[in-house]
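Take a look at the structure set out below.
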Amino acid sequence: MQGKRVILIVLDSVGCGNAPDAAQYGDAGANTLRHIAEKCSPSLPNLERLGLGNIPDTGFTPCPHPTGLYGRCIERSAGKDTTTGHWEIAGLPLRTPFPTYPHGFPPEVIDAFCKATGRGVLGNYPASGTAIIDELGVEHIQTGKLIVYTSADSVFQIAAHEEIVPPQELWHICQQARDLLQGEHGVGRVIARPFIGKPGAFVRTGNRRDFSLTPPSDTLLDVMQRSGLDVWGVGKIEDIFAHRGLTQSDHAAGNPACIQSLLAMMRKPMSGLIFVNLVDYDSLYGHRRDVEGYARALEAFDAALPEIVGLMGEDDVLMLTADHGCDPTYMGTDHTREMVPLLCYKRGVTSQALGTRDTYGDIASTILVYFGLENTLCGASFAALLQERKAKE
């Protein structure tokens, strides 16, 4: 049966700068959206119509009469990674940061991992995922040892050639690592990074999987599922929340597939939340410092917006946000500590400025209140603004 729906889309890494504590993370001056706008001038008429340019310092043109609610959110949690950002969007801020390993993982971790998997390890240092398979891919093929690496984020990443370690086996190895990496060494995510190809032309595949820690307490997904509402995930949402709180999921890989999955879901009757992650901005363009590719991917999403909006009913709400930044013009290849944009649209509702929100958790709080549920999570709801109708002309 069709009821009201919230379509929550996370544009992975599409930050908008100005995080008050950016300097503490070494990210003072990073601004993903503004720098892409300055260098590539992407055409985003539909996002601008919603109010993207009305958000301060995005670098896009303000709309005189936007159709959406627009603002930005500060991250309350410690960290700047996918798990941290998504958990806070879902109302669960991280009070203690996940551990990071700027000098690689200690011997007790690597030794336990090798014992559990029966395989040796190559690497074990922070690296770009594409660079490290170029550096160590041949030795991996020759020895069968696993390529292990990390980054500035709390991640234990395992790369393997699909002809040496098939994806299903690599996922099993990642689950073994996830079981080991708890407590003191409880990294946010263990990530499978399969690749194919010949030396000099290795390419990562779409068989990536993320193995997150289990959220320590309720998220928006848990509360909605317990209340009998549908909670549908698209892309790596299921991985980020350790497959908890979802009633249906499609692990589509890449922005185009995720957008098509979303459109298919919107054509089905449901009442509740459709939660989408669009990962390509981060994985294909931000980390690889591909400014032009990032800009074109933003244009592709903008072009898909009219079809998404066209499938919305009178009681549906569209929310667009991000989980952190990954400024491709900034130094390094890691995420950047930034505020994130927040755009909301509902048919007939008066456009208003949402201002600068104190936490990503305002999104979860708003969704709970919109569905008539008690706001038991962090954040302040702006659901009342979703009921203010435009005056009839």
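By convention in this document, the chains of the structure tokens carry letters A, B, ... by their order, each chain's residues are numbered from 1, and ligands are numbered from 1 in the order they are shown.
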
Among segment 59-139 of chain A, which ones does DSSP place in helix (DSSP H, G or I), written as a PyMOL selection string? chain A and resi 82-89+107-117+129-139

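Within the 9 Å cut-off around Phe156 of chain A, using only C-alpha atoms and omitting residues fewer than 5 positions from it on the same chain, the listed residues are Phe105, Val148, Tyr149, Thr150, Ser151, Cys174, Ala177, Arg178, Leu181, Val187, Gly188, Arg189, Val190, Ile191 and Ala192 of chain A.
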
If you take only C-alpha atoms and a cut-off of 12 Å, which residues of segment 264-311 of chain A touch segment 347-363 of chain A, and what are their nearest atom pairs and distances in Å to one decimal, in chain and number order, as a tab-separated table?
residue	atom	partner	partner_atom	distance
A:Phe275	CA	A:Ile363	CA	12.0
A:Val309	CA	A:Arg347	CA	9.1
A:Gly310	CA	A:Arg347	CA	10.3
A:Leu311	CA	A:Arg347	CA	11.4

How about saving the chosen residues, N, CA and C atoms kept, as an mmCIF file, in the first residue's frame?
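out.cif written:
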data_model
loop_
_atom_site.group_PDB
_atom_site.id
_atom_site.type_symbol
_atom_site.label_atom_id
_atom_site.label_comp_id
_atom_site.auth_asym_id
_atom_site.auth_seq_id
_atom_site.Cartn_x
_atom_site.Cartn_y
_atom_site.Cartn_z
ATOM 1 N N PHE A 275 16.718 4.996 1.275
ATOM 2 C CA PHE A 275 17.996 5.584 1.682
ATOM 3 C C PHE A 275 19.039 5.183 0.643
ATOM 4 N N VAL A 309 11.936 13.575 -9.106
ATOM 5 C CA VAL A 309 10.864 14.439 -8.604
ATOM 6 C C VAL A 309 9.527 14.066 -9.240
ATOM 7 N N GLY A 310 9.562 13.690 -10.505
ATOM 8 C CA GLY A 310 8.330 13.320 -11.202
ATOM 9 C C GLY A 310 7.647 12.096 -10.626
ATOM 10 N N LEU A 311 8.403 11.242 -9.929
ATOM 11 C CA LEU A 311 7.822 10.041 -9.326
ATOM 12 C C LEU A 311 7.365 10.270 -7.889
#

Could you give me, as number ranges by chain, the residues within 10 Å of Ala152 of chain A, counting only C-alpha atoms and dropping anything in the same chain fewer than 5 positions from it? A: 25, 79-81, 99-102, 126-127, 333-336

Export of prior selection with C-alpha atoms as a short mmCIF file (atom, residue, chain, number, x, y, z; two decimals), in the first residue's frame:
data_model
loop_
_atom_site.label_atom_id
_atom_site.label_comp_id
_atom_site.auth_asym_id
_atom_site.auth_seq_id
_atom_site.Cartn_x
_atom_site.Cartn_y
_atom_site.Cartn_z
CA TYR A 25 41.93 17.79 10.77
CA GLY A 79 35.98 11.88 12.23
CA LYS A 80 35.36 12.44 8.54
CA ASP A 81 34.56 9.07 7.05
CA PRO A 99 41.02 4.23 15.60
CA THR A 100 43.31 5.16 12.71
CA TYR A 101 46.68 3.73 11.74
CA PRO A 102 48.98 6.30 10.09
CA PRO A 126 48.49 4.15 4.27
CA ALA A 127 48.14 4.35 0.50
CA THR A 333 43.76 12.01 -1.51
CA ASP A 334 41.82 11.69 1.75
CA HIS A 335 38.42 12.90 2.90
CA THR A 336 38.13 16.51 4.02
#

Using only C-alpha atoms, pick whichever of A:Ala90, A:Leu385, A:Ala201, A:Ala297 has the shortest atom-to-atom distance to Leu11 of chain A. A:Ala297

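Taking only C-alpha atoms into account, Lys236 of chain A lies nearest to A:Ile9 out of the set A:Ile173, A:Ala364, A:Ile9, A:Leu342.
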
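The list of residues with at least one atom within 9 Å of segment 116-118 of chain A, based on only C-alpha atoms and without residues fewer than 3 positions apart in the same chain, reads Asp111, Ala112, Phe113, Ile173, Gln176, Ala177 and Leu180 of chain A.
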
Can you tell me, as a ChimeraX atom specification, what residues are no more than 9 Å from Asp239 of chain A when counting only C-alpha atoms, ignoring any on the same chain fewer than 4 positions away? /A:209-212,235,243-244,251

Same residues, N, CA and C atoms, saved as an mmCIF file, in the first residue's frame:
data_model
loop_
_atom_site.group_PDB
_atom_site.id
_atom_site.type_symbol
_atom_site.label_atom_id
_atom_site.label_comp_id
_atom_site.auth_asym_id
_atom_site.auth_seq_id
_atom_site.Cartn_x
_atom_site.Cartn_y
_atom_site.Cartn_z
ATOM 1 N N ARG A 209 32.982 -4.600 -1.198
ATOM 2 C CA ARG A 209 32.039 -4.720 -0.084
ATOM 3 C C ARG A 209 32.650 -4.057 1.137
ATOM 4 N N ASP A 210 31.802 -3.393 1.928
ATOM 5 C CA ASP A 210 32.229 -2.768 3.179
ATOM 6 C C ASP A 210 31.658 -3.556 4.347
ATOM 7 N N PHE A 211 32.483 -3.799 5.349
ATOM 8 C CA PHE A 211 32.057 -4.531 6.540
ATOM 9 C C PHE A 211 32.216 -3.588 7.740
ATOM 10 N N SER A 212 31.116 -2.913 8.081
ATOM 11 C CA SER A 212 31.151 -1.912 9.146
ATOM 12 C C SER A 212 30.980 -2.552 10.511
ATOM 13 N N GLY A 235 22.656 0.850 -2.837
ATOM 14 C CA GLY A 235 24.096 1.024 -2.816
ATOM 15 C C GLY A 235 24.690 0.429 -1.551
ATOM 16 N N HIS A 243 23.934 -4.250 7.735
ATOM 17 C CA HIS A 243 22.734 -4.975 7.308
ATOM 18 C C HIS A 243 21.626 -4.933 8.369
ATOM 19 N N ARG A 244 21.639 -3.903 9.200
ATOM 20 C CA ARG A 244 20.643 -3.810 10.270
ATOM 21 C C ARG A 244 19.640 -2.695 9.973
ATOM 22 N N HIS A 251 22.195 -3.795 -3.455
ATOM 23 C CA HIS A 251 23.593 -3.381 -3.421
ATOM 24 C C HIS A 251 24.057 -3.013 -4.830
#

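Closest to Met265 of chain A among A:Asp323, A:Asp230, A:Glu184, A:Asp280 is A:Asp230, based on only C-alpha atoms.
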
Atomic separation - atom CA of Glu162 of chain A relative to atom CA of Gly144 of chain A, Å: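 Spanning atom CA of Gly144 of chain A to atom CA of Glu162 of chain A is a straight-line distance of 11.2 Å.
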
Distance of atom CA of Ser261 of chain A from atom CA of Pro42 of chain A, expressed in Å to one decimal place: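 Those two atoms sit 24.8 Å apart.
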
I'd like the neighbourhood of segment 202-207 of chain A as an MDAnalysis selection string, where a residue qualifies if any of its atoms comes within 8 Å (using only C-alpha atoms), though same-chain residues fewer than 4 positions away should be ignored. chainID A and resid 130 133:134 137 167 192:198 253:254

Just checking: using only C-alpha atoms, which residue out of A:Ala322, A:Ala19, A:Leu278, A:Leu229 ends up closest to Arg76 of chain A?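 Going through A:Ala322, A:Ala19, A:Leu278, A:Leu229 one by one, the smallest distance to Arg76 of chain A is for A:Ala19.
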
Would you list the contacts of Ala295 of chain A as a list in words, taking every protein, DNA or RNA residue within 8 Å and counting only C-alpha atoms, but skipping same-chain residues closer than 4 positions in sequence?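 These residues fall inside the cut-off: Ile36, Ala37, Cys40, Ser41, Pro42, Val291 and Glu299 of chain A.
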
Select from segment 108-351 of chain A everything DSSP, run on the backbone, classes as strand (DSSP E or B), then give the selection as number ranges by chain. A: 121-126, 146-150, 155-161, 189-196, 203-204, 209-212, 230-234, 248-250, 272-278, 317-321, 325, 336, 340-345, 349

Could you jot down the atom CA of Trp171 of chain A to atom CA of Leu263 of chain A separation for me, Å, one decimal place? 28.5 Å
